[in-house]
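K.L.:
If it helps, the file is called query_0.cif and holds mmCIF, C-alpha atoms:
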data_protein
loop_
_atom_site.label_atom_id
_atom_site.label_comp_id
_atom_site.auth_asym_id
_atom_site.auth_seq_id
_atom_site.Cartn_x
_atom_site.Cartn_y
_atom_site.Cartn_z
CA MET A 994 48.77 -27.77 117.41
CA ALA A 995 48.93 -24.03 117.25
CA LYS A 996 45.71 -22.08 117.59
CA ILE A 997 46.00 -20.72 114.07
CA GLU A 998 46.05 -24.25 112.63
CA LEU A 999 42.79 -24.99 114.43
CA LYS A 1000 41.14 -21.84 113.11
CA LYS A 1001 42.21 -22.25 109.50
CA PRO A 1002 39.75 -25.06 108.60
CA VAL A 1003 36.84 -23.05 110.06
CA ILE A 1004 37.82 -19.96 108.06
CA GLU A 1005 38.14 -22.08 104.91
CA GLU A 1006 34.71 -23.62 105.61
CA ILE A 1007 33.11 -20.17 105.85
CA SER A 1008 34.96 -18.95 102.75
CA ALA A 1009 33.82 -21.98 100.74
CA ALA A 1010 30.22 -21.54 101.91
CA ILE A 1011 29.97 -17.86 100.95
CA LYS A 1012 31.97 -18.15 97.70
CA ASP A 1013 29.07 -19.28 95.46
CA ALA A 1014 26.23 -18.07 97.66
CA GLN A 1015 23.25 -16.28 96.14
CA SER A 1016 22.56 -14.71 99.52
CA VAL A 1017 24.02 -14.53 103.01
CA VAL A 1018 21.97 -13.27 105.95
CA LEU A 1019 23.56 -12.47 109.30
CA VAL A 1020 21.33 -12.83 112.38
CA ASP A 1021 21.53 -12.41 116.14
CA TYR A 1022 19.99 -15.50 117.70
CA ARG A 1023 20.44 -14.37 121.31
CA GLY A 1024 17.38 -15.10 123.43
CA LEU A 1025 15.91 -17.93 121.34
CA THR A 1026 14.79 -20.99 123.25
CA VAL A 1027 16.08 -24.41 122.27
CA GLU A 1028 12.69 -25.25 120.78
CA GLN A 1029 12.65 -22.06 118.72
CA ASP A 1030 16.20 -22.60 117.50
CA THR A 1031 15.41 -26.20 116.55
CA GLU A 1032 12.31 -25.10 114.64
CA LEU A 1033 14.24 -22.32 112.87
CA ARG A 1034 16.96 -24.77 111.82
CA LYS A 1035 14.31 -27.20 110.56
CA GLN A 1036 12.57 -24.56 108.45
CA LEU A 1037 15.88 -23.34 107.01
CA ARG A 1038 17.00 -26.90 106.21
CA GLU A 1039 13.69 -27.62 104.43
CA ALA A 1040 14.23 -24.49 102.30
CA GLY A 1041 17.75 -25.64 101.33
CA ILE A 1042 19.52 -23.04 103.44
CA ASN A 1043 22.75 -23.69 105.32
CA TYR A 1044 22.52 -22.18 108.82
CA LYS A 1045 25.45 -22.19 111.19
CA VAL A 1046 26.82 -20.27 114.15
CA TYR A 1047 30.42 -19.09 113.83
CA LYS A 1048 32.67 -16.93 115.95
CA ASN A 1049 32.79 -13.33 114.77
CA THR A 1050 36.59 -13.40 114.48
CA MET A 1051 36.37 -16.40 112.13
CA MET A 1052 33.74 -14.69 109.98
CA ASN A 1053 35.84 -11.52 110.03
CA PHE A 1054 38.82 -13.34 108.50
CA ALA A 1055 36.65 -15.21 105.99
CA PHE A 1056 34.72 -12.10 104.86
CA LYS A 1057 37.80 -9.98 104.08
CA GLY A 1058 38.30 -9.57 100.36
CA THR A 1059 34.83 -10.89 99.45
CA GLU A 1060 31.39 -9.39 98.83
CA CYS A 1061 30.59 -10.19 102.46
CA GLU A 1062 33.11 -7.62 103.64
CA ALA A 1063 30.17 -5.20 103.87
CA LEU A 1064 28.88 -7.31 106.77
CA LEU A 1065 31.94 -6.66 108.97
CA PRO A 1066 30.28 -3.76 110.88
CA TYR A 1067 27.46 -6.13 111.93
CA LEU A 1068 29.80 -8.66 113.57
CA GLU A 1069 29.02 -7.77 117.17
CA GLY A 1070 27.44 -10.11 119.68
CA PRO A 1071 26.39 -13.66 118.84
CA SER A 1072 26.02 -14.15 115.11
CA ALA A 1073 24.81 -16.89 112.82
CA LEU A 1074 24.90 -17.15 109.05
CA ALA A 1075 22.08 -18.32 106.80
CA ILE A 1076 23.48 -19.11 103.35
CA SER A 1077 21.59 -20.05 100.20
CA ASN A 1078 23.19 -21.15 96.94
CA GLU A 1079 19.92 -21.48 95.02
CA ASP A 1080 17.15 -19.04 95.99
CA ALA A 1081 18.41 -15.52 96.67
CA THR A 1082 15.42 -14.46 98.75
CA ALA A 1083 14.89 -17.69 100.70
CA PRO A 1084 17.05 -16.95 103.79
CA ALA A 1085 15.49 -13.51 104.25
CA ARG A 1086 11.97 -14.88 103.69
CA VAL A 1087 12.31 -17.81 106.14
CA ILE A 1088 14.12 -15.83 108.84
CA CYS A 1089 11.79 -12.82 108.72
CA LYS A 1090 8.73 -15.07 108.76
CA PHE A 1091 10.13 -16.92 111.76
CA ALA A 1092 11.07 -13.65 113.50
CA LYS A 1093 7.37 -12.73 113.59
CA THR A 1094 6.79 -15.58 116.05
CA ALA A 1095 10.18 -15.33 117.80
CA ASP A 1096 10.72 -11.67 118.57
CA LYS A 1097 14.22 -12.33 119.98
CA LEU A 1098 15.57 -13.27 116.54
CA GLU A 1099 17.16 -10.17 115.03
CA VAL A 1100 18.31 -9.68 111.46
CA LYS A 1101 21.59 -7.77 111.33
CA GLY A 1102 22.16 -7.48 107.60
CA GLY A 1103 22.95 -9.48 104.53
CA ILE A 1104 24.24 -9.83 101.00
CA VAL A 1105 21.77 -10.70 98.22
CA GLU A 1106 23.20 -11.32 94.76
CA GLY A 1107 26.26 -9.23 95.53
CA ALA A 1108 24.48 -6.23 97.03
CA ALA A 1109 24.77 -5.43 100.74
CA TYR A 1110 21.65 -4.63 102.77
CA ASP A 1111 21.00 -3.59 106.32
CA ALA A 1112 18.30 -5.19 108.48
CA GLU A 1113 15.55 -3.05 106.93
CA GLY A 1114 16.69 -3.98 103.42
CA ILE A 1115 16.65 -7.69 104.26
CA ILE A 1116 13.14 -7.34 105.70
CA ASN A 1117 12.02 -5.71 102.43
CA ILE A 1118 13.66 -8.49 100.41
CA SER A 1119 11.82 -11.06 102.51
CA LYS A 1120 8.56 -9.77 101.03
CA ILE A 1121 9.61 -10.79 97.50
CA PRO A 1122 7.88 -14.04 96.50
CA SER A 1123 9.94 -17.13 95.74
CA ARG A 1124 11.09 -17.88 92.21
CA GLU A 1125 8.55 -20.70 91.88
CA GLU A 1126 5.72 -18.42 92.99
CA LEU A 1127 6.75 -15.73 90.51
CA ILE A 1128 6.88 -18.28 87.69
CA SER A 1129 3.44 -19.63 88.58
CA ARG A 1130 2.04 -16.07 88.61
CA LEU A 1131 3.58 -15.41 85.20
CA LEU A 1132 2.18 -18.62 83.76
CA GLY A 1133 -1.21 -17.86 85.28
CA SER A 1134 -1.28 -14.43 83.69
CA MET A 1135 -0.25 -15.90 80.34
CA GLN A 1136 -2.83 -18.67 80.59
CA SER A 1137 -5.73 -16.42 81.59
CA PRO A 1138 -6.47 -14.90 78.16
CA ILE A 1139 -6.25 -18.32 76.52
CA THR A 1140 -8.61 -19.80 79.09
CA ASN A 1141 -11.09 -16.94 78.62
CA PHE A 1142 -10.96 -17.36 74.85
CA ALA A 1143 -11.59 -21.10 75.17
CA ARG A 1144 -14.50 -20.44 77.53
CA VAL A 1145 -16.12 -18.02 75.06
CA MET A 1146 -15.64 -20.43 72.17
CA ASN A 1147 -17.20 -23.22 74.25
CA GLN A 1148 -20.22 -21.04 75.05
CA LEU A 1149 -20.61 -20.21 71.36
CA ALA A 1150 -20.48 -23.89 70.46
CA GLU A 1151 -23.12 -24.72 73.08
CA LYS A 1152 -25.46 -22.05 71.70
CA GLY A 1153 -25.18 -23.35 68.19
CA GLY A 1154 -22.24 -21.49 66.79
CA ALA A 1155 -21.67 -17.92 65.79
CA SER A 1156 -24.88 -17.77 63.75
CA ALA A 1157 -26.97 -18.21 66.92
CA CYS A 1158 -25.39 -15.15 68.49
CA GLU A 1159 -25.87 -12.87 65.52
CA ALA A 1160 -29.26 -11.66 64.42
CA PRO A 1161 -29.81 -12.47 60.77
CA ALA A 1162 -29.36 -9.40 58.66
CA LYS A 1163 -32.47 -8.33 56.83
CA GLU A 1164 -31.93 -8.01 53.16
CA GLU A 1165 -33.14 -4.74 51.79
CA PRO A 1166 -34.54 -4.82 48.33
CA ALA A 1167 -32.05 -3.54 45.85
CA ALA A 1168 -32.78 -0.09 44.53
CA PRO A 1169 -33.92 -0.20 40.93
CA ALA A 1170 -31.07 0.42 38.62
CA GLU A 1171 -31.24 3.67 36.81
CA GLU A 1172 -31.59 3.25 33.16
CA ALA A 1173 -28.79 4.64 31.15
CA PRO A 1174 -29.82 7.29 28.68
CA ALA A 1175 -30.26 5.89 25.26
CA ALA A 1176 -27.49 6.59 22.89
CA GLU A 1177 -28.61 8.63 19.94
#
Kindly transcribe the structure held in the file into C-alpha cells.
P.N.:
Amino acid sequence: MAKIELKKPVIEEISAAIKDAQSVVLVDYRGLTVEQDTELRKQLREAGINYKVYKNTMMNFAFKGTECEALLPYLEGPSALAISNEDATAPARVICKFAKTADKLEVKGGIVEGAAYDAEGIINISKIPSREELISRLLGSMQSPITNFARVMNQLAEKGGASACEAPAKEEPAAPAEEAPAAE
C-alpha cells in the first residue's frame, strides 16, 4: 500500500472527530510520566472527552478548511487533541485542573464553540463552571426567595397567624357628629 492510503483513514478519523465538536483543545504532553498520562486519560474519559495523540502532519491535513484551521500555528512538537461533543468547557476545565498537578502538561490553544483561543484564553475558559453547575446555581437562586417566603409563613403559623404579629389597633372614639343647622 502507498503511504497516502495509510494516512487517509487517520485524517478522516480526525476530521470526523472535530466535525461536530463543541470544543477542541490542543496540548503538549511532553514530559508527562506514564502514571500522569494514564490519570489524565482516565479523567478525560470520565468527563466524556475523546483524547488522542496524532501526528502534526495528519492534524494539519484534517484541520484545513475547518474551524480548527486556527490551530495550525500551534502544531509544533508533540501534540494531542482533547475533543468534546457535549460540554464546551469540559476539555479546558479537566486539562487545566490536571496541569496544576502536572506542570509538564502545556495547553497550546483550542477552539470553543467555533472561536479560536490561545493558551491563555483556554485557561480563562477553564474557569467557567460546567453546564450542570450553572443550572444548579440558577435553580438555587430561583428557589431561594420561595424558600424564604415559606419559612416566614411557617414562622407566622407557629406564632398563631398574622394577628399574633400585629398589635391590635386601638379604636378611638368617634368624634361627635356636628349637628346640621336647622332649616328655617
K.L.:
Of the candidates A:Ala1009, A:Val1105, A:Met1135, A:Ala1055, which shows the shortest atom-to-atom distance to Ser1119 in chain A, using only C-alpha atoms?
P.N.:
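Under the stated criterion, the closest residue is A:Val1105.
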K.L.:
As an exercise, work out the distance from CA of Ala1075 in chain A to CA of Lys996 in chain A in Å and give it to one decimal place.
P.N.:
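These two atoms are separated by 26.2 Å.
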K.L.:
By how many Å are CA of Gln1015 in chain A and CA of Val1100 in chain A apart?
P.N.:
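Taking CA of Gln1015 in chain A and CA of Val1100 in chain A, their separation equals 17.4 Å.
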K.L.:
Measuring atom to atom with all atoms listed in the file, identify which of A:Arg1130, A:Lys1001, A:Lys1097, A:Arg1086 is nearest to Gly1114 in chain A.
P.N.:
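Smallest distance to Gly1114 in chain A is found for A:Arg1086.
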K.L.:
Distance cut-off 8 Å, centre (22.2, -2.4, 107.4) in file coordinates, counting only C-alpha atoms: which residues qualify? Return them as a PDB file with C-alpha atoms, in the frame of the given file.
P.N.:
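Once everything was written out, this is point-v6.pdb:
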ATOM      1  CA  TYR A1067      27.460  -6.130 111.930  1.00  0.00           C
ATOM      2  CA  LYS A1101      21.590  -7.770 111.330  1.00  0.00           C
ATOM      3  CA  GLY A1102      22.160  -7.480 107.600  1.00  0.00           C
ATOM      4  CA  GLY A1103      22.950  -9.480 104.530  1.00  0.00           C
ATOM      5  CA  ALA A1109      24.770  -5.430 100.740  1.00  0.00           C
ATOM      6  CA  TYR A1110      21.650  -4.630 102.770  1.00  0.00           C
ATOM      7  CA  ASP A1111      21.000  -3.590 106.320  1.00  0.00           C
ATOM      8  CA  ALA A1112      18.300  -5.190 108.480  1.00  0.00           C
ATOM      9  CA  GLU A1113      15.550  -3.050 106.930  1.00  0.00           C
ATOM     10  CA  GLY A1114      16.690  -3.980 103.420  1.00  0.00           C
TER      11      GLY A1114
END
K.L.:
Nearest to Ala1040 in chain A: which of A:Ile1104, A:Leu1131, A:Val1087, A:Ile1139 is it, counting only C-alpha atoms?
P.N.:
A:Val1087
K.L.:
Quick one: residues within 8 Å of Leu1033 in chain A, all atoms listed in the file counted, chain neighbours fewer than 3 positions away excluded, as a ChimeraX atom specification?
P.N.:
/A:1029-1030,1036-1037,1088,1091
K.L.:
Measure the distance from CA of Glu1060 in chain A to CA of Arg1124 in chain A in Å and round it to one decimal.
P.N.:
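According to the coordinates, CA of Glu1060 in chain A and CA of Arg1124 in chain A are separated by 23.0 Å.
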K.L.:
Which residue, A:Asn1053, A:Ser1072, A:Ile1116, A:Gly1133, has the smallest gap to Val1003 in chain A when you use all atoms listed in the file?
P.N.:
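For Val1003 in chain A, the nearest of the candidates is A:Asn1053.
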K.L.:
For Glu1005 in chain A, which residue among A:Phe1056, A:Glu1151, A:Glu1039, A:Arg1023 is the nearest when counting all atoms listed in the file?
P.N.:
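When distances to Glu1005 in chain A are compared using all atoms listed in the file, the smallest one comes from A:Phe1056.
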K.L.:
As JSON, what would the box around range 1027-1032 of chain A look like: edges along x, y and z, 4 Å added on every side, centre and edge lengths in Å to one decimal?
P.N.:
{"center_x": 14.3, "center_y": -24.1, "center_z": 118.5, "size_x": 11.9, "size_y": 12.1, "size_z": 15.6}
K.L.:
Run the PyMOL selection byres ((chain A and resi 1077) around 6) against the file shown and list the residues it catches, as number ranges by chain.
P.N.:
A: 1014-1016, 1042, 1076, 1078-1079
K.L.:
Which of these residues is nearest to Ile997 in chain A, using all atoms listed in the file: A:Glu1125, A:Leu1025, A:Met1051, A:Leu1065?
P.N.:
A:Met1051
